[in-house]
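Chemist: Pasting a structure below so you can have a look.
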Amino acid sequence: MPETTEDAVPGEEPGRPAGAALLAATCVSTLVVNANTSAVSILLPAISTDTGASLDTLQWAITGYSLVGAAVIVTSGALGDVFGRRLVFLAGLALFIASCAVIALSGSGAGVIAGRAVQGASGATILACGMSLLSVATSGQGRVRAVTVWGAASAVGAAVGPLVGGLLVDGIGWQGLFWIDAAIAAACVPVTLRGIAESRDPDRSRSIDFAGTVLIAAVLAPALLALSEGADWGWTSAGVLGCLALALLSAVAFVMVERRVDEPLVDLRLLRDRVLIGATVAILLSAGVINGLMYLVSLYFQNPATLALSPFQAGLATLPATVGLIAVTPLVPRAVKRLGVGPVIGAGFAAATAGCALLVLVQADWRYGAFALPLVLLAAGLGLVNGPASSASTSSVAEDDVGAASGISNMARYIGAAAFTAAVATVNSSVGASHLASGEGTAQALAAGLSRACLLLTVACGVGILLSVLAARARRRRVRPGAYGAAAASHAHTVRTVSGVGTAGTAGTVGTVGTAGTAGTENAR
């Protein structure tokens, strides 16, 4: 295919639509990545049975995915800008296919966790470069439609992932999900090669912040290890303190590197913007809460001592949360226009707080019906948070900084998913073990662990209410239809549109539930 550059895009007619091959490759790959991501929590009990790894260990299959995704999400977009978005997108597909094969063939928990870590890198690359390809190839209403379709594919993948994963576990085994995902991703390769032109940003510096990428991982990995193992090792043990010291030293090194590189992973100058910081923390909290909750309830629903649902039934049981989150987002633009960003975010976190608080009351004899209202409340509340928080994070900065602000938001989503999954897994396990040791029954111990973990999520949502005061200070600006077009269909990442093309300088939100949310950024400059 002949190469095109970003310089050619502004000369195209307004309203240029996405080609069929481009839409097919980007939307199908996004759907598969997000379906895979959202299904993994449902698969964990079956993987544990087959590999002999404990569920506490296998939580790293989720945490590791998000950890690696946080480290590479911005870098993968930068690589696409410099070396070619189609080339890096294809590399992401190849890596995803390989990771699916590694996971499906693995006979150990370590193999599954390693494969999922690789999958975190591949998923972030596919989402980041897929959105970049869409953004530079379209303009005007054509871009609005393309991004909205892409967002809908993300949301559909998130919604059907647990259902399909559960159905496959009951039918052909948990490995079937990864083989099917690999086959679909492989089908996207020839479509991409034949139907998508290469594009890159010739004006962007060729400097890539690989040191920052490594240091982000060096901060997160030991910190999450300390968080996950603190209860067993002892919170003041040499292991925990050593991990925290390593994370702190890596954080200091990261700041030093970011001050010196030409194209930093995180523009530290933007961290002086209180609105951006408040909105980004709100994004981190919302992503963390939904991912942490989905991890908890997926395991609780399937445990023989509690609800004893099959994997497919457990996937179906999480559907109200997904539907509630998706259903509320079309209402967000009108609510923001009438009430402002801060009040809408505050109302969203208030609803999520109420949902989590209801789950704190969980008892061993609760049936599924008792979980439905808290799940809908929490998901709908976070649906009110995502769009406005993402919009506030990008609209609070100058137009030239929108891409950098978007990258910070995307990284925050992955960090939130990783940190909260590790935290709730630790609380759930340690509290449950304590109650078992005291002589309580298994069902009572599991309910106690879930209750205490949900108390942590309740506190996090309460902090989000306070952050809404900062978000209220965001500049009011007119947001074009594209900004919330994708947000109406999906929930996991902030998209920066290409300056000077179509809806120049606007920012919207697109993505998925659970995430581990799986997220991407269009980081073209």
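Ordered as shown in the structure tokens, chains take letters A, B, and onward, while each chain numbers its residues from 1 and ligands are numbered from 1 in the order shown.
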Can you list, as a PDB file with N, CA and C atoms, in the first residue's frame, every protein, DNA or RNA residue that comes within 6 Å of region 419-429 of chain A when you count only C-alpha atoms, leaving out same-chain residues fewer than 4 positions away?
Modeler:
```
ATOM      1  N   SER A 228      -0.059  -6.996  47.208  1.00  0.00           N
ATOM      2  CA  SER A 228      -0.649  -8.330  47.090  1.00  0.00           C
ATOM      3  C   SER A 228      -0.174  -9.287  48.184  1.00  0.00           C
ATOM      4  N   GLY A 288     -10.606   1.733  38.689  1.00  0.00           N
ATOM      5  CA  GLY A 288     -10.228   0.787  39.726  1.00  0.00           C
ATOM      6  C   GLY A 288     -11.415   0.130  40.390  1.00  0.00           C
ATOM      7  N   GLY A 292     -12.110  -3.786  40.166  1.00  0.00           N
ATOM      8  CA  GLY A 292     -12.053  -4.506  41.420  1.00  0.00           C
ATOM      9  C   GLY A 292     -13.354  -5.226  41.731  1.00  0.00           C
ATOM     10  N   ILE A 415      -3.522   1.914  35.689  1.00  0.00           N
ATOM     11  CA  ILE A 415      -2.985   1.867  37.054  1.00  0.00           C
ATOM     12  C   ILE A 415      -4.107   1.602  38.050  1.00  0.00           C
ATOM     13  N   GLY A 449     -15.157 -11.534  53.595  1.00  0.00           N
ATOM     14  CA  GLY A 449     -14.106 -11.023  52.728  1.00  0.00           C
ATOM     15  C   GLY A 449     -14.649 -10.070  51.670  1.00  0.00           C
ATOM     16  N   LEU A 450     -15.765 -10.435  51.054  1.00  0.00           N
ATOM     17  CA  LEU A 450     -16.391  -9.566  50.056  1.00  0.00           C
ATOM     18  C   LEU A 450     -16.841  -8.259  50.691  1.00  0.00           C
ATOM     19  N   ALA A 453     -13.819  -5.972  51.384  1.00  0.00           N
ATOM     20  CA  ALA A 453     -13.269  -5.453  50.131  1.00  0.00           C
ATOM     21  C   ALA A 453     -14.176  -4.367  49.560  1.00  0.00           C
TER      22      ALA A 453
END
```
Chemist: Using only C-alpha atoms, which of A:Ala352, A:Leu325, A:Val147, A:Ala117 sits nearest Thr26 (chain A)?
Modeler: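 Counting only C-alpha atoms, the residue closest to Thr26 (chain A) is A:Val147.
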Chemist: How would you write, as a PyMOL selection string, the set of residues in region 272-334 of chain A that DSSP gives as alpha helix (DSSP H)?
Modeler: chain A and resi 274-302+311-317+319-328+332-334
Chemist: Need to verify the contact set: Val219 (chain A), 9 Å, only C-alpha atoms, exclusion of same-chain residues closer than 6 positions in sequence. Can you return it as a list in words?
Modeler: Leu244, Leu246, Ala247, Leu248, Leu249, Ser250, Ala251 and Phe254 of chain A
Chemist: For the residues in that selection, give me all heavy atoms as a CSV table (one decimal), in the first residue's frame.
Modeler:
```csv
chain,number,residue,atom,x,y,z
A,244,LEU,N,8.6,-1.6,48.5
A,244,LEU,CA,8.2,-0.2,48.6
A,244,LEU,C,9.4,0.7,48.3
A,244,LEU,O,9.3,1.8,47.7
A,244,LEU,CB,7.6,0.1,49.9
A,244,LEU,CG,6.2,-0.6,50.2
A,244,LEU,CD1,5.7,-0.2,51.6
A,244,LEU,CD2,5.2,-0.3,49.1
A,246,LEU,N,12.1,0.0,46.5
A,246,LEU,CA,12.4,-0.1,45.1
A,246,LEU,C,11.4,0.8,44.3
A,246,LEU,O,11.8,1.5,43.3
A,246,LEU,CB,12.3,-1.5,44.7
A,246,LEU,CG,12.6,-1.8,43.2
A,246,LEU,CD1,14.0,-1.3,42.8
A,246,LEU,CD2,12.5,-3.3,42.9
A,247,ALA,N,10.1,0.7,44.6
A,247,ALA,CA,9.1,1.5,43.9
A,247,ALA,C,9.4,3.0,44.1
A,247,ALA,O,9.3,3.8,43.1
A,247,ALA,CB,7.7,1.2,44.4
A,248,LEU,N,9.8,3.4,45.3
A,248,LEU,CA,10.1,4.8,45.6
A,248,LEU,C,11.3,5.3,44.8
A,248,LEU,O,11.3,6.3,44.1
A,248,LEU,CB,10.3,5.0,47.1
A,248,LEU,CG,10.6,6.5,47.5
A,248,LEU,CD1,9.5,7.4,47.1
A,248,LEU,CD2,10.9,6.5,49.0
A,249,LEU,N,12.3,4.5,44.8
A,249,LEU,CA,13.6,4.8,44.0
A,249,LEU,C,13.3,4.9,42.5
A,249,LEU,O,13.7,5.8,41.8
A,249,LEU,CB,14.7,3.8,44.3
A,249,LEU,CG,15.3,3.8,45.7
A,249,LEU,CD1,16.2,2.6,45.8
A,249,LEU,CD2,16.0,5.1,45.9
A,250,SER,N,12.4,4.0,42.0
A,250,SER,CA,12.1,4.0,40.6
A,250,SER,C,11.2,5.2,40.3
A,250,SER,O,11.4,5.8,39.2
A,250,SER,CB,11.3,2.7,40.3
A,250,SER,OG,12.0,1.6,40.5
A,251,ALA,N,10.4,5.6,41.2
A,251,ALA,CA,9.6,6.9,41.0
A,251,ALA,C,10.5,8.1,40.9
A,251,ALA,O,10.2,9.0,40.1
A,251,ALA,CB,8.5,7.0,42.1
A,254,PHE,N,12.1,8.0,37.6
A,254,PHE,CA,11.2,8.3,36.6
A,254,PHE,C,11.0,9.9,36.4
A,254,PHE,O,11.1,10.4,35.3
A,254,PHE,CB,9.8,7.7,36.9
A,254,PHE,CG,8.7,8.0,35.9
A,254,PHE,CD1,8.7,7.4,34.7
A,254,PHE,CD2,7.8,9.0,36.2
A,254,PHE,CE1,7.7,7.8,33.7
A,254,PHE,CE2,6.8,9.3,35.3
A,254,PHE,CZ,6.7,8.7,34.1
```
